[in-house]
file work.txt (compact mmCIF, C-alpha atoms)
# COMPACT_ATOMS: atom_id res chain seq x y z
CA MET A 1 12.28 -17.76 -9.05
CA ARG A 2 15.03 -20.24 -9.75
CA TYR A 3 13.14 -23.41 -8.85
CA HIS A 4 10.33 -22.49 -11.23
CA SER A 5 12.74 -22.53 -14.16
CA TYR A 6 14.25 -25.80 -13.00
CA VAL A 7 10.92 -27.58 -12.58
CA ARG A 8 9.48 -26.19 -15.80
CA THR A 9 12.52 -27.26 -17.81
CA LYS A 10 12.38 -30.78 -16.36
CA LEU A 11 8.66 -31.03 -17.09
CA GLU A 12 9.22 -30.02 -20.69
CA TRP A 13 11.26 -33.22 -21.09
CA ASN A 14 8.96 -35.37 -18.99
CA ALA A 15 5.47 -34.08 -18.30
CA GLU A 16 4.84 -37.07 -16.01
CA ALA A 17 7.73 -36.26 -13.67
CA ASP A 18 6.97 -36.02 -9.95
CA VAL A 19 7.20 -32.30 -9.09
CA ASP A 20 7.90 -32.99 -5.45
CA VAL A 21 10.91 -35.13 -6.39
CA LEU A 22 12.12 -32.40 -8.76
CA LEU A 23 11.80 -29.79 -6.03
CA ASN A 24 13.72 -31.97 -3.57
CA ASP A 25 16.40 -32.40 -6.21
CA PHE A 26 16.57 -28.66 -6.83
CA TYR A 27 16.72 -27.62 -3.18
CA ARG A 28 19.29 -30.27 -2.27
CA ASN A 29 21.59 -29.23 -5.10
CA TRP A 30 21.10 -25.47 -4.73
CA TYR A 31 21.22 -25.14 -0.96
CA GLY A 32 23.02 -28.29 0.24
CA GLN A 33 22.43 -28.86 3.94
CA ALA A 34 20.28 -25.70 4.09
CA ALA A 35 17.73 -27.25 1.71
CA GLU A 36 14.96 -27.80 4.25
CA PRO A 37 14.63 -24.25 5.67
CA ALA A 38 15.26 -22.76 2.21
CA ARG A 39 12.38 -24.76 0.80
CA SER A 40 10.20 -23.78 3.73
CA PHE A 41 11.04 -20.11 3.06
CA TRP A 42 9.94 -20.23 -0.57
CA GLU A 43 6.90 -22.39 0.08
CA MET A 44 5.70 -19.96 2.75
CA LEU A 45 5.89 -17.19 0.18
CA GLU A 46 4.00 -19.27 -2.37
CA ASP A 47 1.35 -20.30 0.13
CA ILE A 48 0.60 -16.75 1.25
CA VAL A 49 0.10 -15.56 -2.32
CA GLU A 50 -2.04 -18.59 -3.15
CA SER A 51 -4.23 -18.30 -0.07
CA THR A 52 -4.71 -14.54 0.24
CA PRO A 53 -8.26 -13.37 -0.37
CA MET A 54 -6.85 -10.08 -1.65
CA LEU A 55 -6.94 -9.58 -5.40
CA GLY A 56 -5.62 -6.41 -6.96
CA HIS A 57 -2.53 -4.54 -8.10
CA GLU A 58 0.46 -5.78 -6.12
CA ASP A 59 1.42 -2.39 -4.74
CA ARG A 60 -2.06 -2.02 -3.24
CA ILE A 61 -2.38 -5.48 -1.73
CA MET A 62 1.21 -6.36 -0.77
CA PRO A 63 1.13 -4.55 2.59
CA TYR A 64 -1.90 -6.67 3.49
CA VAL A 65 -0.52 -9.96 2.15
CA TYR A 66 2.99 -9.89 3.61
CA SER A 67 2.32 -9.39 7.32
CA GLY A 68 4.87 -8.72 10.04
CA GLN A 69 4.21 -12.22 11.43
CA LEU A 70 4.94 -13.78 8.05
CA ILE A 71 8.19 -11.85 7.73
CA ASP A 72 9.22 -13.02 11.20
CA LYS A 73 8.59 -16.64 10.15
CA LEU A 74 10.53 -16.14 6.92
CA ASP A 75 13.37 -14.62 8.90
CA SER A 76 13.43 -17.66 11.17
CA GLU A 77 13.83 -20.00 8.17
CA ILE A 78 16.59 -17.89 6.66
CA ARG A 79 18.47 -17.88 9.97
CA LYS A 80 18.28 -21.68 10.06
CA ALA A 81 19.53 -21.82 6.48
CA GLU A 82 22.40 -19.43 7.29
CA GLN A 83 23.51 -21.76 10.08
CA LEU A 84 23.27 -24.90 7.93
CA ALA A 85 24.91 -23.67 4.73
CA VAL A 86 28.49 -24.95 4.62
CA THR A 87 30.05 -24.36 1.20
CA GLU A 88 30.76 -20.92 -0.28
CA ARG A 89 28.31 -21.72 -3.08
CA THR A 90 25.39 -22.61 -0.79
CA LYS A 91 26.21 -19.70 1.54
CA LEU A 92 25.92 -17.35 -1.43
CA HIS A 93 22.56 -18.82 -2.42
CA VAL A 94 21.24 -18.34 1.11
CA LYS A 95 22.63 -14.79 1.13
CA VAL A 96 20.57 -14.00 -1.96
CA ASP A 97 17.44 -15.19 -0.16
CA ARG A 98 18.41 -13.04 2.83
CA LEU A 99 18.73 -9.95 0.62
CA ILE A 100 15.37 -10.70 -1.01
CA LEU A 101 13.76 -11.03 2.43
CA GLU A 102 15.34 -7.77 3.63
CA HIS A 103 14.06 -6.04 0.49
CA LEU A 104 10.55 -7.30 1.23
CA ARG A 105 10.88 -6.25 4.87
CA ALA A 106 11.99 -2.75 3.82
CA TYR A 107 9.07 -2.47 1.40
CA VAL A 108 6.50 -3.50 4.00
CA SER A 109 8.12 -1.20 6.58
CA MET A 110 8.04 1.64 4.04
CA ARG A 111 4.32 1.17 3.43
CA THR A 112 3.60 0.86 7.16
CA ALA A 113 5.42 4.15 7.76
CA GLU A 114 3.47 5.69 4.87
CA PHE A 115 0.18 4.51 6.37
CA ASP A 116 1.21 5.94 9.75
CA GLY A 117 2.02 9.31 8.18
CA GLN A 118 5.72 8.92 9.08
CA PHE A 119 7.01 10.00 5.69
CA ASP A 120 10.61 10.60 6.73
CA ARG A 121 10.82 6.97 7.87
CA ALA A 122 9.14 5.82 4.64
CA ALA A 123 11.83 7.68 2.64
CA ASN A 124 14.53 6.00 4.72
CA TYR A 125 13.11 2.55 4.00
CA ALA A 126 13.00 3.38 0.28
CA GLN A 127 16.72 4.07 0.52
CA VAL A 128 17.22 0.70 2.24
CA MET A 129 15.53 -0.95 -0.76
CA LEU A 130 17.81 0.91 -3.16
CA ASP A 131 20.91 -0.16 -1.22
CA LEU A 132 19.79 -3.81 -1.18
CA ARG A 133 19.21 -3.74 -4.94
CA LYS A 134 22.83 -2.77 -5.48
CA GLN A 135 23.98 -5.75 -3.40
CA LEU A 136 21.77 -8.14 -5.36
CA HIS A 137 23.05 -6.74 -8.64
CA GLU A 138 26.64 -7.25 -7.54
CA ILE A 139 25.91 -10.95 -6.96
CA ASN A 140 24.20 -11.39 -10.31
CA SER A 141 23.06 -8.74 -12.77
CA PHE A 142 19.98 -10.81 -13.66
CA PHE A 143 18.41 -10.11 -10.25
CA ILE A 144 17.87 -6.39 -10.63
CA MET A 145 19.46 -3.29 -12.11
CA PRO A 146 21.81 -1.41 -9.77
CA HIS A 147 20.15 1.90 -10.63
CA GLU A 148 16.72 2.85 -11.91
CA ASP A 149 17.60 4.91 -14.97
CA GLY A 150 16.25 2.20 -17.25
CA TYR A 151 12.97 1.95 -15.39
CA GLN A 152 11.56 5.39 -16.12
CA THR A 153 7.87 4.70 -16.43
CA GLY A 154 6.35 8.03 -15.46
CA VAL A 155 4.73 6.51 -12.38
CA TRP A 156 6.42 5.83 -9.08
CA TYR A 157 5.31 2.24 -8.82
CA GLY A 158 8.30 1.30 -10.92
CA LYS A 159 10.85 3.67 -9.43
CA VAL A 160 11.72 3.49 -5.78
CA ILE A 161 13.91 6.56 -6.18
CA ASP A 162 10.88 8.64 -7.25
CA ARG A 163 8.90 7.22 -4.40
CA LYS A 164 11.61 8.21 -1.94
CA ALA A 165 11.56 11.78 -3.26
CA TYR A 166 7.76 11.88 -2.97
CA TYR A 167 7.83 10.69 0.65
CA GLN A 168 10.49 13.29 1.41
CA SER A 169 8.29 16.03 -0.09
CA LEU A 170 5.47 14.91 2.21
CA ALA A 171 7.79 14.86 5.22
CA ASP A 172 8.74 18.44 4.35
CA LYS A 173 5.06 19.44 4.23
CA ILE A 174 4.48 18.44 7.84
CA ALA A 175 7.86 19.01 9.50
CA GLY A 176 8.36 22.75 9.07
CA VAL A 177 10.27 22.73 5.77
CA THR A 178 7.49 23.59 3.31
CA GLY A 179 4.59 23.31 5.75
CA ASN A 180 3.45 22.25 9.20
CA LEU A 181 1.18 19.47 10.33
CA VAL A 182 -2.19 20.64 11.64
CA ALA A 183 -3.87 17.28 12.34
CA VAL A 184 -3.84 13.65 11.24
CA LEU A 185 -7.27 12.19 10.58
CA PRO A 186 -8.33 8.91 12.25
CA LYS A 187 -7.13 5.70 10.64
CA GLU A 188 -10.67 4.41 10.34
CA ALA A 189 -13.61 5.92 8.50
CA LYS A 190 -17.29 5.11 8.17
CA PHE A 191 -17.81 3.58 4.74
CA SER A 192 -20.66 2.85 2.36
CA ILE A 193 -21.00 1.87 -1.26
CA ASP A 194 -23.51 3.89 -3.28
CA PRO A 195 -24.54 1.79 -6.29
CA ARG A 196 -27.58 3.93 -7.12
CA ASP A 197 -25.86 7.30 -6.61
CA GLU A 198 -28.19 8.25 -3.76
CA GLY A 199 -25.60 9.94 -1.59
CA ARG A 200 -25.28 13.25 -3.33
CA PHE A 201 -29.07 13.67 -3.53
CA SER A 202 -29.80 12.41 -0.01
CA GLY A 203 -27.13 14.51 1.66
CA TRP A 204 -24.69 11.83 2.83
CA TYR A 205 -22.19 14.70 3.08
CA ALA A 206 -24.21 16.57 5.73
CA LYS A 207 -22.42 17.20 8.99
CA ASP A 208 -25.16 15.51 11.03
CA TYR A 209 -25.96 12.69 8.59
CA ASP A 210 -26.57 9.45 10.53
CA ASP A 211 -23.88 6.98 9.39
CA ALA A 212 -24.30 4.63 12.37
CA ASP A 213 -25.19 1.64 10.19
CA TRP A 214 -22.29 2.16 7.77
CA SER A 215 -19.34 -0.21 7.79
CA THR A 216 -15.98 0.80 9.20
CA ILE A 217 -12.85 0.69 7.05
CA ARG A 218 -9.21 1.56 7.49
CA THR A 219 -8.52 4.44 5.11
CA THR A 220 -5.23 2.89 3.98
CA LYS A 221 -6.86 -0.35 2.92
CA PRO A 222 -8.41 -0.85 -0.55
CA PHE A 223 -12.18 -0.91 -0.23
CA TYR A 224 -12.22 -4.32 -1.90
CA ALA A 225 -10.62 -5.68 1.26
CA LEU A 226 -14.25 -5.65 2.38
CA ARG A 227 -16.66 -8.26 1.12
CA ILE A 228 -20.38 -8.19 1.34
CA TYR A 229 -22.03 -10.92 3.38
CA GLY A 230 -25.77 -10.41 3.27
CA SER A 231 -26.11 -6.67 3.67
CA LYS A 232 -22.96 -6.26 5.76
CA TRP A 233 -19.49 -5.44 4.45
CA VAL A 234 -16.77 -7.01 6.54
CA SER A 235 -13.00 -7.09 6.34
CA ILE A 236 -11.42 -10.11 4.65
CA CYS A 237 -7.91 -9.40 5.88
CA ARG A 238 -6.11 -8.00 8.89
CA MET B 1 -16.90 -8.08 -4.20
CA ASP B 2 -20.43 -9.37 -3.70
CA GLN B 3 -21.66 -12.91 -2.96
CA ASN B 4 -21.61 -13.72 -6.68
CA GLY B 5 -17.98 -12.71 -7.09
CA PHE B 6 -18.60 -9.47 -8.93
CA PRO B 7 -16.15 -6.68 -8.08
CA TYR B 8 -17.93 -3.48 -7.10
CA VAL B 9 -17.33 -0.44 -9.25
CA GLY B 10 -18.98 2.94 -8.77
CA ASN B 11 -19.45 5.42 -5.96
CA ILE B 12 -18.18 4.88 -2.43
CA TRP B 13 -18.34 7.24 0.54
CA TYR B 14 -16.05 7.84 3.50
CA ARG B 15 -16.97 9.89 6.58
CA LEU B 16 -14.45 10.89 9.27
CA GLN B 17 -14.28 13.31 12.15
CA VAL B 18 -11.18 15.19 13.22
CA ASN B 19 -10.41 17.65 15.98
CA VAL B 20 -8.61 20.66 14.57
CA PRO B 21 -6.49 22.71 16.98
CA ALA B 22 -7.16 26.43 17.23
CA GLU B 23 -3.47 27.17 16.64
CA ALA B 24 -4.05 27.11 12.89
CA THR B 25 -5.99 30.39 13.10
CA GLY B 26 -5.03 32.80 10.34
CA LYS B 27 -3.22 30.15 8.29
CA LYS B 28 -4.15 28.38 5.11
CA VAL B 29 -4.97 24.71 5.71
CA PHE B 30 -5.07 21.92 3.12
CA LEU B 31 -6.47 18.40 3.33
CA TYR B 32 -4.07 15.87 1.80
CA ALA B 33 -4.46 12.21 0.83
CA LEU B 34 -1.71 10.31 -1.01
CA ILE B 35 -3.81 7.88 -3.03
CA VAL B 36 -7.37 8.38 -4.26
CA GLU B 37 -8.56 6.20 -7.11
CA THR B 38 -9.99 7.38 -9.46
CA GLU B 39 -12.00 10.60 -8.81
CA ALA B 40 -13.20 12.30 -5.63
CA TRP B 41 -15.39 15.05 -4.20
CA LEU B 42 -14.83 16.59 -0.77
CA TRP B 43 -17.17 18.15 1.75
CA VAL B 44 -16.16 19.59 5.12
CA ASN B 45 -18.86 20.20 7.73
CA GLY B 46 -21.48 19.68 5.02
CA LYS B 47 -20.00 22.31 2.72
CA TYR B 48 -18.69 21.31 -0.70
CA VAL B 49 -14.97 22.03 -1.07
CA GLY B 50 -13.92 20.65 -4.45
CA ARG B 51 -13.08 17.75 -6.69
CA ARG B 52 -9.98 15.73 -7.45
CA PRO B 53 -10.28 15.12 -11.19
CA TYR B 54 -10.28 11.63 -12.66
CA MET B 55 -6.95 9.88 -12.96
CA GLU B 56 -6.28 6.36 -14.20
CA ALA B 57 -6.01 4.14 -11.13
CA TYR B 58 -2.39 3.09 -11.67
CA ILE B 59 -0.96 6.60 -12.04
CA ARG B 60 1.18 7.91 -9.21
CA PRO B 61 1.22 10.22 -7.38
CA ALA B 62 -2.60 10.18 -7.12
CA GLN B 63 -2.99 12.73 -4.40
CA LEU B 64 -5.98 14.78 -3.31
CA GLU B 65 -4.92 18.18 -2.04
CA LEU B 66 -7.64 20.75 -1.45
CA ASP B 67 -7.76 24.07 0.38
CA VAL B 68 -10.19 23.73 3.31
CA THR B 69 -9.33 27.01 5.06
CA ASN B 70 -12.73 28.60 4.59
CA VAL B 71 -14.82 25.65 5.79
CA LEU B 72 -12.72 24.33 8.66
CA ARG B 73 -13.81 25.10 12.22
CA LEU B 74 -10.69 25.56 14.31
CA GLY B 75 -10.78 24.34 17.87
CA GLU B 76 -13.74 22.09 17.05
CA THR B 77 -14.56 18.63 15.72
CA ASN B 78 -14.91 18.73 11.94
CA GLN B 79 -16.80 16.35 9.68
CA ILE B 80 -14.85 15.26 6.58
CA THR B 81 -16.75 13.47 3.83
CA LEU B 82 -15.35 12.03 0.62
CA ARG B 83 -17.32 10.63 -2.27
CA VAL B 84 -15.02 8.55 -4.45
CA ASN B 85 -15.79 7.08 -7.83
CA THR B 86 -13.81 3.98 -8.75
CA SER B 87 -14.54 4.37 -12.49
CA LEU B 88 -16.55 1.80 -14.39
CA ASN B 89 -13.56 -0.31 -15.37
CA PRO B 90 -13.14 -3.29 -13.02
CA ALA B 91 -9.87 -4.16 -14.76
CA GLN B 92 -8.26 -1.15 -13.10
CA ALA B 93 -9.15 -2.61 -9.68
CA ALA B 94 -9.31 0.91 -8.27
CA SER B 95 -8.86 0.84 -4.50
CA GLY B 96 -10.81 4.03 -3.69
CA LEU B 97 -9.10 5.82 -0.83
CA MET B 98 -5.84 4.17 0.21
CA SER B 99 -4.11 6.72 2.37
CA VAL B 100 -3.61 8.32 5.69
CA LEU B 101 -5.33 11.72 5.55
CA PHE B 102 -3.83 14.80 7.13
CA LEU B 103 -4.29 18.54 7.40
CA TYR B 104 -1.27 20.76 6.88
CA SER B 105 -0.53 24.41 6.67
CA PRO B 106 1.92 25.45 3.92
CA ILE B 107 4.68 27.84 4.88
CA GLN B 108 4.01 31.01 2.94
CA GLU B 109 6.78 33.40 1.98
CA THR B 110 5.32 36.03 4.28
CA ASP B 111 5.68 33.60 7.23
CA GLY B 112 9.45 34.03 7.20
call {"tool": "encode", "arguments": {"input": "work.txt", "output": "structure tokens"}}
result
Amino acid sequence: MRYHSYVRTKLEWNAEADVDVLLNDFYRNWYGQAAEPARSFWEMLEDIVESTPMLGHEDRIMPYVYSGQLIDKLDSEIRKAEQLAVTERTKLHVKVDRLILEHLRAYVSMRTAEFDGQFDRAANYAQVMLDLRKQLHEINSFFIMPHEDGYQTGVWYGKVIDRKAYYQSLADKIAGVTGNLVAVLPKEAKFSIDPRDEGRFSGWYAKDYDDADWSTIRTTKPFYALRIYGSKWVSICR
Amino acid sequence: MDQNGFPYVGNIWYRLQVNVPAEATGKKVFLYALIVETEAWLWVNGKYVGRRPYMEAYIRPAQLELDVTNVLRLGETNQITLRVNTSLNPAQAASGLMSVLFLYSPIQETDG
């Protein structure tokens, strides 16, 4: 993020500098009259990452870090900034933040659709992300590449275009193209860890096995979203 | 993660129940999950179905897709059980199951 570079560079010349003063300086010069909501926007993003109890690969935890409520609050700050920005330069800077927010919103919406089994919608949101990336690239090529040819990693974490194709293949499986949906399983499952590998010997797979004292977990949530308190595993996030 | 801050690695189990409509009679039915990290074994109604071999946790797609035609009871509530192993490498931060699960019937050439 831009303010990181600014603050870091200033601190390299004066390690005793007041970071809050530097940030005020940056936001005032970068956003003009829109400085206050723009700063609030970025600080909200920093705070949520700093305070989340989730720890893991970003693609696994992001849907549980960036909530719909947070995105609504971010949107509110960007709208204030859009109203306050006066010059072409500051309007452009706020527009970049808007595109970044819309990209985040599309990502979270894509994952929500994925978790709901609405794969056609997930593919559509992937396309929204791809379209937004082109707009960001047109503003400045340092933001992101306009296409993903250079990102071929072999896994679809790095390529939204591969992800879109995968979602579409799943939509086809359940919508009469290559297959038909029979049933969607419940969103929540009974859950237990098995540190001593008892389950396979004690028949935890049996149809009538009593799992009443097991925890409950959403199947789309990493199991480490549960933490053990005493003998009970409870959710640490929404 | 336990009280001492150690991330859990090893075996974890998931049990679910699902009503399966009788309309699927005579069709092949598969259970599908998009993301299973890193290895899994599936039982339906207490009967072992198969295994999704080990894959590094970051690889995608990481789907489990197993034919459950012969063990599914159509028109009844079915018990689905998954045993997942997260591997012994906490650095991978394997998430176990991270997916909606669904049953689907592939369109076979003879269907048309």
call {"tool": "closest_atom_pairs", "arguments": {"input": "work.txt", "of": "chain A", "to": "chain B", "cutoff": "6 Å", "atoms": "only C-alpha atoms", "output": "Markdown table"}}
result
| residue | atom | partner | partner_atom | distance |
| --- | --- | --- | --- | --- |
| A:Gly56 | CA | B:Ala93 | CA | 5.9 |
| A:Phe115 | CA | B:Val100 | CA | 5.4 |
| A:Val155 | CA | B:Arg60 | CA | 5.0 |
| A:Trp156 | CA | B:Arg60 | CA | 5.6 |
| A:Thr178 | CA | B:Ile107 | CA | 5.3 |
| A:Gly179 | CA | B:Pro106 | CA | 3.9 |
| A:Asn180 | CA | B:Ser105 | CA | 5.2 |
| A:Leu181 | CA | B:Tyr104 | CA | 4.4 |
| A:Val182 | CA | B:Tyr104 | CA | 4.8 |
| A:Ala183 | CA | B:Leu103 | CA | 5.1 |
| A:Val184 | CA | B:Phe102 | CA | 4.3 |
| A:Leu185 | CA | B:Leu101 | CA | 5.4 |
| A:Ala189 | CA | B:Leu16 | CA | 5.1 |
| A:Lys190 | CA | B:Arg15 | CA | 5.0 |
| A:Phe191 | CA | B:Tyr14 | CA | 4.8 |
| A:Ser192 | CA | B:Trp13 | CA | 5.3 |
| A:Ile193 | CA | B:Ile12 | CA | 4.3 |
| A:Asp194 | CA | B:Asn11 | CA | 5.1 |
| A:Tyr205 | CA | B:Gly46 | CA | 5.4 |
| A:Ala206 | CA | B:Gly46 | CA | 4.2 |
| A:Lys207 | CA | B:Gly46 | CA | 4.8 |
| A:Thr219 | CA | B:Met98 | CA | 5.6 |
| A:Thr220 | CA | B:Met98 | CA | 4.0 |
| A:Lys221 | CA | B:Met98 | CA | 5.4 |
| A:Pro222 | CA | B:Ser95 | CA | 4.3 |
| A:Phe223 | CA | B:Ser95 | CA | 5.7 |
| A:Arg227 | CA | B:Met1 | CA | 5.3 |
| A:Ile228 | CA | B:Asp2 | CA | 5.2 |
call {"tool": "write_last_selection", "arguments": {"input": "work.txt", "atoms": "C-alpha atoms", "output": "mmCIF file, keeping the file's coordinate frame"}}
result
data_model
loop_
_atom_site.group_PDB
_atom_site.id
_atom_site.type_symbol
_atom_site.label_atom_id
_atom_site.label_comp_id
_atom_site.auth_asym_id
_atom_site.auth_seq_id
_atom_site.Cartn_x
_atom_site.Cartn_y
_atom_site.Cartn_z
ATOM 1 C CA GLY A 56 -5.620 -6.410 -6.960
ATOM 2 C CA PHE A 115 0.180 4.510 6.370
ATOM 3 C CA VAL A 155 4.730 6.510 -12.380
ATOM 4 C CA TRP A 156 6.420 5.830 -9.080
ATOM 5 C CA THR A 178 7.490 23.590 3.310
ATOM 6 C CA GLY A 179 4.590 23.310 5.750
ATOM 7 C CA ASN A 180 3.450 22.250 9.200
ATOM 8 C CA LEU A 181 1.180 19.470 10.330
ATOM 9 C CA VAL A 182 -2.190 20.640 11.640
ATOM 10 C CA ALA A 183 -3.870 17.280 12.340
ATOM 11 C CA VAL A 184 -3.840 13.650 11.240
ATOM 12 C CA LEU A 185 -7.270 12.190 10.580
ATOM 13 C CA ALA A 189 -13.610 5.920 8.500
ATOM 14 C CA LYS A 190 -17.290 5.110 8.170
ATOM 15 C CA PHE A 191 -17.810 3.580 4.740
ATOM 16 C CA SER A 192 -20.660 2.850 2.360
ATOM 17 C CA ILE A 193 -21.000 1.870 -1.260
ATOM 18 C CA ASP A 194 -23.510 3.890 -3.280
ATOM 19 C CA TYR A 205 -22.190 14.700 3.080
ATOM 20 C CA ALA A 206 -24.210 16.570 5.730
ATOM 21 C CA LYS A 207 -22.420 17.200 8.990
ATOM 22 C CA THR A 219 -8.520 4.440 5.110
ATOM 23 C CA THR A 220 -5.230 2.890 3.980
ATOM 24 C CA LYS A 221 -6.860 -0.350 2.920
ATOM 25 C CA PRO A 222 -8.410 -0.850 -0.550
ATOM 26 C CA PHE A 223 -12.180 -0.910 -0.230
ATOM 27 C CA ARG A 227 -16.660 -8.260 1.120
ATOM 28 C CA ILE A 228 -20.380 -8.190 1.340
#
call {"tool": "axis_aligned_box", "arguments": {"input": "work.txt", "around": "segment 125-136 of chain A", "padding_each_side": "4 Å", "output": "lines of an AutoDock Vina configuration file"}}
result
center_x = 18.5
center_y = -2.0
center_z = -0.7
size_x = 19.0
size_y = 20.2
size_z = 17.5
call {"tool": "residues_around", "arguments": {"input": "work.txt", "residues": "segment 88-92 of chain A", "least_positions_apart": "4", "cutoff": "7 Å", "atoms": "all atoms listed in the file", "output": "NGL selection string"}}
result
:A and (30-32 or 82 or 96)
call {"tool": "residues_around", "arguments": {"input": "work.txt", "residues": "Ala106 of chain A", "least_positions_apart": "5", "cutoff": "8 Å", "atoms": "only C-alpha atoms", "output": "MDAnalysis selection string"}}
result
chainID A and resid 125:126 128:129
call {"tool": "atom_distance", "arguments": {"input": "work.txt", "atom1": "atom CA of Asn89 of chain B", "atom2": "atom CA of Thr38 of chain B"}}
result
10.3 Å
call {"tool": "atom_distance", "arguments": {"input": "work.txt", "atom1": "atom CA of Ser40 of chain A", "atom2": "atom CA of Met54 of chain A"}}
result
22.5 Å
call {"tool": "atom_distance", "arguments": {"input": "work.txt", "atom1": "atom CA of Arg39 of chain A", "atom2": "atom CA of Tyr27 of chain A"}}
result
6.5 Å
call {"tool": "residues_around", "arguments": {"input": "work.txt", "residues": "Gly68 of chain A", "least_positions_apart": "2", "cutoff": "9 Å", "atoms": "all atoms listed in the file", "output": "list in words"}}
result
Tyr66, Leu70, Ile71, Asp72, Lys73, Arg105, Val108 and Ser109 of chain A
call {"tool": "closest_residue", "arguments": {"input": "work.txt", "among": "A:Ser169, A:Ser202, A:Thr87, A:Ser5", "to": "Ala123 of chain A", "atoms": "all atoms listed in the file"}}
result
A:Ser169
call {"tool": "residues_around", "arguments": {"input": "work.txt", "residues": "Val21 of chain A", "least_positions_apart": "6", "cutoff": "12 Å", "atoms": "only C-alpha atoms", "output": "short mmCIF file (atom, residue, chain, number, x, y, z; two decimals) with C-alpha atoms, in the coordinates of the input"}}
result
data_model
loop_
_atom_site.label_atom_id
_atom_site.label_comp_id
_atom_site.auth_asym_id
_atom_site.auth_seq_id
_atom_site.Cartn_x
_atom_site.Cartn_y
_atom_site.Cartn_z
CA TYR A 6 14.25 -25.80 -13.00
CA VAL A 7 10.92 -27.58 -12.58
CA LYS A 10 12.38 -30.78 -16.36
CA LEU A 11 8.66 -31.03 -17.09
CA TYR A 27 16.72 -27.62 -3.18
CA ARG A 28 19.29 -30.27 -2.27
#
call {"tool": "residues_around", "arguments": {"input": "work.txt", "residues": "Val65 of chain A", "least_positions_apart": "4", "cutoff": "12 Å", "atoms": "all atoms listed in the file", "output": "PyMOL selection string"}}
result
chain A and resi 44-61+69-71+104+108+221+225+236-238
